[in-house]
file input.txt (compact mmCIF, C-alpha atoms)
# COMPACT_ATOMS: atom_id res chain seq x y z
CA MET A 1 0.00 0.00 0.00
CA ARG A 2 2.84 2.37 0.88
CA GLU A 3 4.45 1.90 -2.52
CA GLU A 4 1.21 2.64 -4.33
CA LEU A 5 0.67 5.74 -2.22
CA MET A 6 4.22 6.95 -2.84
CA LYS A 7 3.74 6.50 -6.58
CA ILE A 8 0.56 8.60 -6.49
CA LEU A 9 2.23 11.31 -4.41
CA GLU A 10 5.32 11.46 -6.59
CA GLU A 11 3.21 11.77 -9.71
CA LEU A 12 1.14 14.51 -8.08
CA ARG A 13 4.08 16.58 -6.86
CA PRO A 14 7.47 15.39 -8.13
CA ASP A 15 9.08 18.41 -6.44
CA VAL A 16 8.22 17.28 -2.89
CA GLU A 17 10.25 14.85 -0.78
CA PHE A 18 7.28 13.08 0.77
CA GLU A 19 9.21 10.74 3.07
CA LYS A 20 10.92 13.72 4.73
CA GLU A 21 7.99 16.10 5.12
CA LYS A 22 5.87 15.80 8.26
CA LYS A 23 3.69 18.90 7.88
CA LEU A 24 2.57 18.75 4.26
CA ILE A 25 -0.63 20.69 4.97
CA ASP A 26 0.38 22.80 7.97
CA ASP A 27 3.44 24.02 6.06
CA GLY A 28 1.37 24.75 2.96
CA ILE A 29 3.39 22.32 0.81
CA LEU A 30 0.19 20.70 -0.45
CA ASP A 31 -2.63 23.12 -1.16
CA SER A 32 -6.33 22.46 -1.38
CA PHE A 33 -6.07 21.74 -5.12
CA ASP A 34 -3.41 19.08 -4.49
CA ILE A 35 -5.52 17.55 -1.73
CA VAL A 36 -8.62 17.23 -3.85
CA THR A 37 -6.63 15.75 -6.75
CA LEU A 38 -4.99 13.35 -4.30
CA VAL A 39 -8.34 12.37 -2.78
CA GLY A 40 -9.67 11.42 -6.22
CA ASP A 41 -6.60 9.25 -6.84
CA LEU A 42 -6.76 7.61 -3.42
CA ASN A 43 -10.49 6.88 -3.76
CA ASP A 44 -9.92 5.21 -7.14
CA THR A 45 -6.76 3.32 -6.23
CA PHE A 46 -7.75 2.05 -2.81
CA ASP A 47 -11.50 1.81 -3.43
CA ILE A 48 -12.38 4.05 -0.53
CA ASP A 49 -14.59 7.08 -0.13
CA ILE A 50 -12.80 10.00 1.51
CA ASN A 51 -15.42 12.45 2.71
CA VAL A 52 -15.03 16.18 3.10
CA GLU A 53 -14.86 15.67 6.90
CA ASP A 54 -11.74 13.55 6.38
CA LEU A 55 -9.91 16.46 4.76
CA GLN A 56 -8.45 17.57 8.07
CA PRO A 57 -4.79 18.62 7.96
CA GLU A 58 -3.68 15.86 10.34
CA ASN A 59 -4.88 13.16 7.94
CA PHE A 60 -2.66 14.47 5.13
CA ASN A 61 0.32 15.99 6.93
CA CYS A 62 2.57 12.99 6.27
CA VAL A 63 2.64 9.67 4.43
CA ASP A 64 2.11 7.64 7.62
CA ASN A 65 -1.06 9.54 8.51
CA MET A 66 -2.41 9.09 4.99
CA LEU A 67 -1.84 5.34 5.30
CA VAL A 68 -3.70 5.31 8.62
CA LEU A 69 -6.65 7.09 6.99
CA ILE A 70 -6.69 4.71 4.01
CA GLU A 71 -6.61 1.65 6.27
CA LYS A 72 -9.34 3.06 8.50
CA LEU A 73 -11.60 3.73 5.51
CA GLN A 74 -10.89 0.32 3.99
CA ASP A 75 -11.93 -1.32 7.26
CA GLU A 76 -15.16 0.67 7.21
CA GLU A 77 -16.06 -0.41 3.65
CA MET B 1 -30.21 30.25 -2.71
CA GLN B 2 -29.84 29.09 0.89
CA PRO B 3 -27.11 30.13 3.31
CA VAL B 4 -24.70 27.46 4.56
CA LYS B 5 -24.48 27.80 8.35
CA ASP B 6 -21.21 26.04 9.06
CA PHE B 7 -18.85 23.33 7.90
CA LYS B 8 -21.05 20.62 9.43
CA GLU B 9 -23.97 21.69 7.27
CA PHE B 10 -21.71 21.98 4.22
CA ALA B 11 -20.54 18.39 4.73
CA LEU B 12 -24.10 17.17 5.25
CA ILE B 13 -25.33 18.80 2.03
CA LEU B 14 -22.35 17.59 0.00
CA ASN B 15 -22.33 14.06 1.36
CA GLY B 16 -26.09 13.77 0.79
CA PHE B 17 -25.66 14.77 -2.84
CA LYS B 18 -22.68 12.47 -3.37
CA LYS B 19 -24.48 9.54 -1.80
CA THR B 20 -27.39 9.92 -4.20
CA HIS B 21 -25.16 10.05 -7.25
CA ASP B 22 -22.31 7.74 -6.29
CA LYS B 23 -18.97 8.74 -7.82
CA GLU B 24 -20.14 10.02 -11.19
CA ILE B 25 -19.80 13.64 -10.22
CA GLU B 26 -17.80 16.44 -11.78
CA THR B 27 -16.69 19.39 -9.71
CA ASN B 28 -14.57 22.52 -9.76
CA CYS B 29 -14.68 22.77 -5.97
CA PHE B 30 -11.72 22.07 -3.72
CA PHE B 31 -12.57 23.58 -0.39
CA LEU B 32 -10.84 22.37 2.73
CA PRO B 33 -12.80 22.46 6.01
CA ASN B 34 -11.03 25.57 7.31
CA GLU B 35 -11.81 27.43 4.08
CA VAL B 36 -15.51 26.53 4.34
CA SER B 37 -15.55 27.71 7.97
CA ALA B 38 -13.93 31.01 7.00
CA TYR B 39 -16.71 31.65 4.47
CA THR B 40 -19.54 30.55 6.76
CA ASP B 41 -18.21 32.65 9.64
CA GLN B 42 -18.54 35.64 7.33
CA GLN B 43 -21.98 34.42 6.13
CA ARG B 44 -20.76 34.46 2.55
CA LEU B 45 -21.45 30.86 1.52
CA PHE B 46 -24.74 29.78 -0.08
CA TYR B 47 -26.03 26.74 -1.93
CA ILE B 48 -28.57 25.69 -4.50
CA LYS B 49 -29.52 22.02 -4.64
CA GLN B 50 -31.13 20.40 -7.65
CA ASP B 51 -31.71 16.76 -8.65
CA THR B 52 -28.56 16.48 -10.71
CA ALA B 53 -26.51 19.45 -9.55
CA LEU B 54 -25.35 21.08 -6.37
CA PHE B 55 -23.99 24.62 -6.42
CA PHE B 56 -22.04 26.43 -3.74
CA ILE B 57 -21.84 30.18 -4.14
CA VAL B 58 -19.41 32.55 -2.47
CA ASN B 59 -20.69 36.11 -2.23
CA GLU B 60 -17.91 38.56 -3.10
CA GLU B 61 -18.28 42.32 -3.27
CA TYR B 62 -18.66 42.64 -7.06
CA TYR B 63 -19.54 39.09 -8.07
CA TYR B 64 -20.66 35.65 -7.00
CA HIS B 65 -18.20 32.83 -7.43
CA LEU B 66 -19.80 29.54 -8.34
CA TYR B 67 -18.63 26.06 -7.41
CA TYR B 68 -20.50 23.08 -8.72
CA TYR B 69 -20.99 19.36 -8.31
CA ILE B 70 -22.77 18.03 -11.38
CA VAL B 71 -23.65 14.52 -12.41
CA ARG B 72 -21.34 13.70 -15.32
CA GLY B 73 -22.83 14.43 -18.71
CA ILE B 74 -25.71 16.56 -17.41
CA CYS B 75 -26.27 19.94 -19.03
CA VAL B 76 -26.26 23.01 -16.83
CA GLU B 77 -29.55 24.81 -16.73
CA LYS B 78 -29.42 28.11 -18.55
CA ASN B 79 -31.42 29.89 -15.87
CA ILE B 80 -28.95 29.28 -13.05
CA PRO B 81 -27.05 32.59 -13.32
CA GLU B 82 -30.29 34.53 -13.73
CA LYS B 83 -30.93 33.94 -10.04
CA PHE B 84 -28.08 36.29 -9.11
CA GLU B 85 -28.13 40.06 -9.09
CA LYS B 86 -24.35 40.34 -9.59
CA PRO B 87 -22.13 38.80 -12.30
CA VAL B 88 -21.31 35.16 -11.67
CA THR B 89 -17.84 33.73 -12.18
CA LEU B 90 -16.50 30.22 -12.05
CA ASP B 91 -13.12 28.70 -12.69
CA PHE B 92 -11.45 25.42 -13.47
CA VAL B 93 -8.04 24.81 -12.02
CA PHE B 94 -5.82 22.16 -13.58
CA ARG B 95 -2.24 21.20 -14.22
CA LEU B 96 -1.07 21.19 -17.81
CA SER B 97 0.52 17.80 -17.16
CA ARG B 98 -2.82 16.46 -16.08
CA MET B 99 -5.63 18.03 -18.03
CA PRO B 100 -9.12 17.02 -16.88
CA GLU B 101 -10.77 14.33 -18.95
CA ASP B 102 -13.15 15.90 -21.43
CA LEU B 103 -11.99 19.43 -20.65
CA ASP B 104 -13.44 20.71 -23.93
CA GLY B 105 -16.81 19.16 -23.09
CA MET B 106 -16.79 20.78 -19.65
CA LEU B 107 -15.94 24.19 -21.07
CA LYS B 108 -18.57 23.88 -23.79
CA ARG B 109 -21.19 23.04 -21.18
CA TRP B 110 -20.67 26.36 -19.43
CA ARG B 111 -20.56 28.30 -22.68
CA ASP B 112 -23.88 26.67 -23.61
CA ALA B 113 -25.27 27.77 -20.24
CA GLY B 114 -24.55 31.40 -21.17
CA PHE B 115 -21.13 31.89 -19.58
CA ALA B 116 -18.43 33.74 -21.54
CA ASP B 117 -14.74 32.93 -21.55
CA TYR B 118 -12.99 35.31 -19.21
CA LYS B 119 -9.46 35.47 -17.81
CA GLN B 120 -6.92 32.70 -17.78
CA TYR B 121 -4.45 32.80 -14.93
CA MET B 122 -1.16 30.94 -14.63
CA ARG B 123 0.51 30.08 -11.35
CA LEU B 124 4.15 31.03 -10.79
CA ASN B 125 6.30 29.66 -7.98
CA ARG B 126 9.48 30.74 -6.32
CA SER B 127 11.50 29.21 -3.53
CA ILE B 128 12.31 31.73 -0.82
CA ALA B 129 14.90 30.07 1.37
CA ALA B 130 17.28 29.11 -1.40
CA GLU B 131 17.28 32.44 -3.16
CA ASP B 132 19.91 35.12 -2.75
CA ASP B 133 18.15 38.43 -2.12
CA SER B 134 21.18 40.67 -2.61
CA HIS B 135 19.78 41.89 -5.93
CA ILE B 136 17.04 43.77 -4.06
CA GLN B 137 19.32 46.72 -3.84
CA ASN B 138 18.12 49.45 -6.10
CA PRO B 139 19.77 52.68 -4.88
CA ASP B 140 17.50 55.01 -6.88
CA VAL B 141 14.33 53.45 -5.52
CA GLU B 142 15.82 53.03 -2.05
CA LYS B 143 16.61 56.75 -1.93
CA SER B 144 13.24 58.01 -3.07
CA TYR B 145 10.70 55.55 -1.67
CA ARG B 146 9.91 54.12 1.72
CA PHE B 147 8.94 50.48 2.26
CA GLY B 148 6.39 49.84 4.99
CA TYR B 149 3.58 47.68 6.36
CA GLU B 150 2.21 49.32 9.48
CA ASP B 151 0.59 52.63 8.61
CA THR B 152 -3.14 51.88 8.80
CA SER B 153 -3.97 55.42 7.64
CA LEU B 154 -3.04 54.22 4.13
CA ALA B 155 -5.79 51.57 4.09
CA GLY B 156 -8.25 53.77 2.16
CA ASN B 157 -5.71 54.64 -0.51
CA ILE B 158 -4.58 51.03 -0.80
CA ARG B 159 -8.17 49.97 -1.32
CA LYS B 160 -8.55 52.66 -4.03
CA LEU B 161 -5.34 51.54 -5.76
CA TRP B 162 -6.43 47.89 -5.75
CA GLU B 163 -9.91 48.72 -6.98
CA GLU B 164 -8.51 50.80 -9.86
CA SER B 165 -5.73 48.40 -10.84
CA LEU B 166 -7.10 44.90 -10.31
CA ASP B 167 -9.81 43.01 -12.11
CA ILE B 168 -12.79 43.32 -9.76
CA TYR B 169 -14.49 40.20 -11.16
CA SER B 170 -11.62 37.84 -10.48
CA THR B 171 -10.15 39.40 -7.34
CA ALA B 172 -11.72 39.25 -3.91
CA LEU B 173 -11.05 42.70 -2.44
CA HIS B 174 -10.93 43.57 1.25
CA SER B 175 -12.87 46.41 2.81
CA VAL B 176 -10.87 49.39 4.10
CA GLU B 177 -11.23 47.95 7.63
CA GLY B 178 -10.02 44.57 6.41
CA ILE B 179 -6.99 46.20 4.80
CA ALA B 180 -6.24 48.10 8.02
CA GLU B 181 -6.37 44.83 9.97
CA ASN B 182 -4.04 43.20 7.46
CA LEU B 183 -1.65 46.14 7.67
CA GLN B 184 -1.52 45.65 11.43
CA ALA B 185 -1.03 41.91 10.98
CA GLY B 186 1.89 42.50 8.60
CA ASN B 187 0.12 41.04 5.55
CA VAL B 188 -0.16 44.21 3.46
CA PHE B 189 2.98 46.00 2.30
CA TYR B 190 3.49 49.26 0.45
CA LEU B 191 5.90 51.84 -0.93
CA THR B 192 5.35 55.53 -0.35
CA ASP B 193 7.21 58.47 -1.86
CA ARG B 194 9.01 61.23 0.03
CA VAL B 195 5.79 63.03 0.90
CA GLY B 196 4.07 59.86 2.05
CA GLU B 197 1.97 59.32 -1.08
CA LEU B 198 1.09 55.68 -1.76
CA CYS B 199 2.94 54.34 -4.84
CA ALA B 200 2.68 50.55 -4.74
CA SER B 201 1.17 47.82 -2.63
CA LEU B 202 0.70 44.08 -2.32
CA TYR B 203 -1.03 41.58 -0.08
CA VAL B 204 0.31 38.34 1.33
CA THR B 205 -1.52 35.34 2.74
CA ILE B 206 0.50 32.76 4.58
CA SER B 207 -0.20 29.06 4.64
CA GLY B 208 2.35 27.32 6.83
CA THR B 209 5.72 27.95 5.25
CA THR B 210 4.25 29.09 1.93
CA CYS B 211 3.21 32.63 1.14
CA ILE B 212 0.74 33.55 -1.55
CA ILE B 213 1.40 36.95 -3.08
CA GLN B 214 -1.65 38.86 -4.27
CA HIS B 215 -2.74 42.29 -5.47
CA VAL B 216 0.70 43.43 -6.71
CA THR B 217 -0.13 46.96 -7.86
CA VAL B 218 1.80 50.09 -8.77
CA ASP B 219 -0.01 53.40 -9.13
CA LYS B 220 0.07 54.34 -12.82
CA ARG B 221 1.87 57.61 -12.06
CA TYR B 222 4.81 55.66 -10.65
CA ARG B 223 5.14 52.83 -13.16
CA GLY B 224 8.29 52.09 -15.16
CA GLN B 225 10.76 52.65 -12.32
CA GLY B 226 11.03 49.10 -11.03
CA LEU B 227 8.86 49.74 -7.96
CA GLY B 228 6.85 46.53 -8.39
CA ALA B 229 9.95 44.33 -8.45
CA TYR B 230 11.54 46.27 -5.60
CA LEU B 231 8.44 45.91 -3.40
CA LEU B 232 8.03 42.23 -4.21
CA LEU B 233 11.66 41.39 -3.45
CA LYS B 234 11.55 43.40 -0.24
CA VAL B 235 8.47 41.44 0.83
CA LEU B 236 10.11 38.12 -0.05
CA ALA B 237 13.10 39.11 2.09
CA GLN B 238 10.66 39.76 4.96
CA MET B 239 9.05 36.39 4.37
CA LYS B 240 12.47 34.77 4.45
CA GLN B 241 13.09 36.38 7.83
CA ARG B 242 9.78 34.98 9.04
CA GLY B 243 11.03 31.50 8.11
CA LEU B 244 8.90 30.92 5.01
CA ARG B 245 10.19 28.60 2.30
CA ASN B 246 8.01 29.01 -0.76
CA SER B 247 5.94 31.56 -2.53
CA TYR B 248 3.48 31.52 -5.37
CA LEU B 249 1.18 33.89 -7.19
CA TRP B 250 -1.35 33.86 -10.02
CA ALA B 251 -0.87 36.08 -13.07
CA ASP B 252 -3.25 36.89 -15.92
CA GLU B 253 -1.70 35.18 -18.96
CA LYS B 254 -2.34 38.30 -21.05
CA ASN B 255 -0.57 40.58 -18.60
CA THR B 256 2.87 40.08 -20.10
CA SER B 257 4.47 43.00 -18.27
CA ALA B 258 3.43 41.56 -14.90
CA ILE B 259 4.70 38.12 -15.89
CA ARG B 260 8.04 39.65 -16.96
CA LEU B 261 8.26 41.37 -13.57
CA TYR B 262 7.60 38.12 -11.71
CA GLU B 263 10.11 36.22 -13.84
CA LYS B 264 12.67 38.92 -13.16
CA CYS B 265 12.06 38.31 -9.46
CA GLY B 266 12.76 34.60 -9.86
CA TYR B 267 9.27 33.20 -10.34
CA VAL B 268 8.71 30.33 -12.76
CA HIS B 269 5.50 29.00 -14.27
CA ASN B 270 4.57 25.81 -12.42
CA ALA B 271 2.20 24.59 -15.13
CA MET B 272 -0.97 25.21 -13.18
CA ILE B 273 -3.80 27.06 -14.89
CA SER B 274 -7.02 28.67 -13.74
CA LYS B 275 -9.50 29.08 -16.57
CA GLN B 276 -12.25 31.52 -15.70
CA PHE B 277 -15.75 32.12 -17.00
CA ILE B 278 -18.17 34.94 -16.32
CA TYR B 279 -21.89 35.42 -16.70
CA LYS B 280 -23.26 38.93 -16.82
CA ARG B 281 -26.92 39.56 -17.25
CA GLY B 282 -27.87 41.27 -20.50
call {"tool": "encode", "arguments": {"input": "input.txt", "output": "structure tokens"}}
result
Amino acid sequence: MREELMKILEELRPDVEFEKEKKLIDDGILDSFDIVTLVGDLNDTFDIDINVEDLQPENFNCVDNMLVLIEKLQDEE
Amino acid sequence: MQPVKDFKEFALILNGFKKTHDKEIETNCFFLPNEVSAYTDQQRLFYIKQDTALFFIVNEEYYYHLYYYIVRGICVEKNIPEKFEKPVTLDFVFRLSRMPEDLDGMLKRWRDAGFADYKQYMRLNRSIAAEDDSHIQNPDVEKSYRFGYEDTSLAGNIRKLWEESLDIYSTALHSVEGIAENLQAGNVFYLTDRVGELCASLYVTISGTTCIIQHVTVDKRYRGQGLGAYLLLKVLAQMKQRGLRNSYLWADEKNTSAIRLYEKCGYVHNAMISKQFIYKRG
């Protein structure tokens, strides 16, 4: 799952070192446009449904938190 | 058109619509929860719900900005913009490397609904931390103009300059009070001449370690002396001191002199586009 996520993130923003960054949203590295694009990709790839309530900064601040969100939503499906 | 009370209501409306129509929905909306709350706190967010479309509308001073969720392939009703007493704008944001599927079809749909092609903006980026700001020095400008960001008595003149220089249908302007607050907060910067007359101004919003530069304006009487570039570089140096790392701005693709100025200051096009439409009655 991590590899797939990394591939999506690198395609979205090749200029960002995702493994290093821990505050992708709080630092403004990903903006709302990136997030919505990312959400579409994550929904399609992992067959989940990320709702607007899930778009909280903490869920997208780093790769680990995104993985937690994906796993949580997959368990709910 | 109904007001949206808060983010909770926004989520309820949106989720209800999405649930009914599964995933076959097109949208130009990319609000994050904090952005929705900012609009609802100011009572500026409204919605219109139909069977196959959901519209969110932000009330700006001179226009309404429209965000939509539409079931794929559905035509937009022609009467939608007629409900508004001000011009209605909408935009599509996309990366050139990743154009939306059926972009032409989406654009045609809005033209068919009575919207006219309007501005196209391009996004330019610049790293702050890595840049050398020694080239800010401009002795002629330095000698004759004063850089500042605290004098709230300039708020009225800054508002006038922005209103005269910026496109009022694609720029959300602050009130004089809002500008004064932003001067106090260190988000609005300006240059004045020796007698204290306002010459140039810009506005900065900060998101984490990224600053978004907006409203870069030089009074027409003072153009052609490099004041815009001087002000912008001065502000970027301030942002660097505040620990910011990146900066971006949007420029009208037809405004070649502004784009030249930004490029001179180290900005590069990051291949993101905002295509705008407008509907004006009559």
call {"tool": "residues_around", "arguments": {"input": "input.txt", "residues": "segment 9-19 of chain A", "least_positions_apart": "2", "cutoff": "10 Å", "atoms": "all atoms listed in the file", "output": "list in words"}}
result
Glu3, Glu4, Leu5, Met6, Lys7, Glu21, Lys22, Lys23, Leu24, Ile29, Leu30, Asp34, Ile35, Thr37, Leu38, Asp41, Leu42, Asn61, Cys62, Val63 and Asp64 of chain A; Arg95, Ser97 and Arg98 of chain B
call {"tool": "interface_residues", "arguments": {"input": "input.txt", "of": "chain B", "to": "chain A", "cutoff": "6 Å", "atoms": "only C-alpha atoms", "output": "PyMOL selection string"}}
result
chain B and resi 30+207-210
call {"tool": "atom_distance", "arguments": {"input": "input.txt", "atom1": "atom CA of Tyr267 of chain B", "atom2": "atom CA of Arg126 of chain B"}}
result
4.7 Å
call {"tool": "atom_distance", "arguments": {"input": "input.txt", "atom1": "atom CA of Ala53 of chain B", "atom2": "atom CA of Trp250 of chain B"}}
result
29.0 Å
call {"tool": "atom_distance", "arguments": {"input": "input.txt", "atom1": "atom CA of His21 of chain B", "atom2": "atom CA of Phe7 of chain B"}}
result
21.1 Å
call {"tool": "closest_residue", "arguments": {"input": "input.txt", "among": "B:Ala155, B:Leu103, B:Ile213, B:Leu191", "to": "Leu249 of chain B", "atoms": "all atoms listed in the file"}}
result
B:Ile213
call {"tool": "closest_residue", "arguments": {"input": "input.txt", "among": "B:Leu54, B:Ile179, B:Val141, B:Ile158", "to": "Glu197 of chain B", "atoms": "all atoms listed in the file"}}
result
B:Ile158
call {"tool": "residues_around", "arguments": {"input": "input.txt", "residues": "Ala229 of chain B", "least_positions_apart": "6", "cutoff": "12 Å", "atoms": "only C-alpha atoms", "output": "PDB file with C-alpha atoms, keeping the file's coordinate frame"}}
result
ATOM      1  CA  ASP B 133      18.150  38.430  -2.120  1.00  0.00           C
ATOM      2  CA  HIS B 135      19.780  41.890  -5.930  1.00  0.00           C
ATOM      3  CA  ILE B 136      17.040  43.770  -4.060  1.00  0.00           C
ATOM      4  CA  GLN B 137      19.320  46.720  -3.840  1.00  0.00           C
ATOM      5  CA  ASN B 138      18.120  49.450  -6.100  1.00  0.00           C
ATOM      6  CA  VAL B 141      14.330  53.450  -5.520  1.00  0.00           C
ATOM      7  CA  LEU B 191       5.900  51.840  -0.930  1.00  0.00           C
ATOM      8  CA  ALA B 200       2.680  50.550  -4.740  1.00  0.00           C
ATOM      9  CA  SER B 201       1.170  47.820  -2.630  1.00  0.00           C
ATOM     10  CA  LEU B 202       0.700  44.080  -2.320  1.00  0.00           C
ATOM     11  CA  VAL B 216       0.700  43.430  -6.710  1.00  0.00           C
ATOM     12  CA  THR B 217      -0.130  46.960  -7.860  1.00  0.00           C
ATOM     13  CA  VAL B 218       1.800  50.090  -8.770  1.00  0.00           C
ATOM     14  CA  ARG B 223       5.140  52.830 -13.160  1.00  0.00           C
ATOM     15  CA  VAL B 235       8.470  41.440   0.830  1.00  0.00           C
ATOM     16  CA  LEU B 236      10.110  38.120  -0.050  1.00  0.00           C
ATOM     17  CA  SER B 257       4.470  43.000 -18.270  1.00  0.00           C
ATOM     18  CA  ALA B 258       3.430  41.560 -14.900  1.00  0.00           C
ATOM     19  CA  ILE B 259       4.700  38.120 -15.890  1.00  0.00           C
ATOM     20  CA  ARG B 260       8.040  39.650 -16.960  1.00  0.00           C
ATOM     21  CA  LEU B 261       8.260  41.370 -13.570  1.00  0.00           C
ATOM     22  CA  TYR B 262       7.600  38.120 -11.710  1.00  0.00           C
ATOM     23  CA  GLU B 263      10.110  36.220 -13.840  1.00  0.00           C
ATOM     24  CA  LYS B 264      12.670  38.920 -13.160  1.00  0.00           C
ATOM     25  CA  CYS B 265      12.060  38.310  -9.460  1.00  0.00           C
ATOM     26  CA  GLY B 266      12.760  34.600  -9.860  1.00  0.00           C
ATOM     27  CA  TYR B 267       9.270  33.200 -10.340  1.00  0.00           C
TER      28      TYR B 267
END
call {"tool": "residues_around", "arguments": {"input": "input.txt", "residues": "Cys211 of chain B", "least_positions_apart": "3", "cutoff": "6 Å", "atoms": "only C-alpha atoms", "output": "list in words"}}
result
Thr205, Ile206 and Ser247 of chain B
call {"tool": "residues_around", "arguments": {"input": "input.txt", "residues": "Leu183 of chain B", "least_positions_apart": "3", "cutoff": "10 Å", "atoms": "only C-alpha atoms", "output": "PyMOL selection string"}}
result
chain B and resi 148-155+177-180+186-190+203
call {"tool": "closest_residue", "arguments": {"input": "input.txt", "among": "B:Asp104, B:Asp117, B:Asp112, B:Glu26", "to": "Gly73 of chain B", "atoms": "all atoms listed in the file"}}
result
B:Glu26
call {"tool": "closest_residue", "arguments": {"input": "input.txt", "among": "B:Lys5, B:Lys240, B:His215, B:His65", "to": "Cys29 of chain B", "atoms": "only C-alpha atoms"}}
result
B:His65
call {"tool": "axis_aligned_box", "arguments": {"input": "input.txt", "around": "segment 7-10 of chain A", "padding_each_side": "8 Å", "output": "lines of an AutoDock Vina configuration file"}}
result
center_x = 2.9
center_y = 9.0
center_z = -5.5
size_x = 20.8
size_y = 21.0
size_z = 18.2
call {"tool": "residues_around", "arguments": {"input": "input.txt", "residues": "Gln43 of chain B", "least_positions_apart": "3", "cutoff": "12 Å", "atoms": "all atoms listed in the file", "output": "list in words"}}
result
Gln2, Pro3, Val4, Lys5, Asp6, Phe7, Val36, Ser37, Ala38, Tyr39, Thr40, Phe46, Tyr47, Ile57, Val58, Asn59 and Glu60 of chain B
call {"tool": "closest_residue", "arguments": {"input": "input.txt", "among": "B:Thr171, B:Thr256, B:Ser127, B:Thr192", "to": "Tyr64 of chain B", "atoms": "only C-alpha atoms"}}
result
B:Thr171
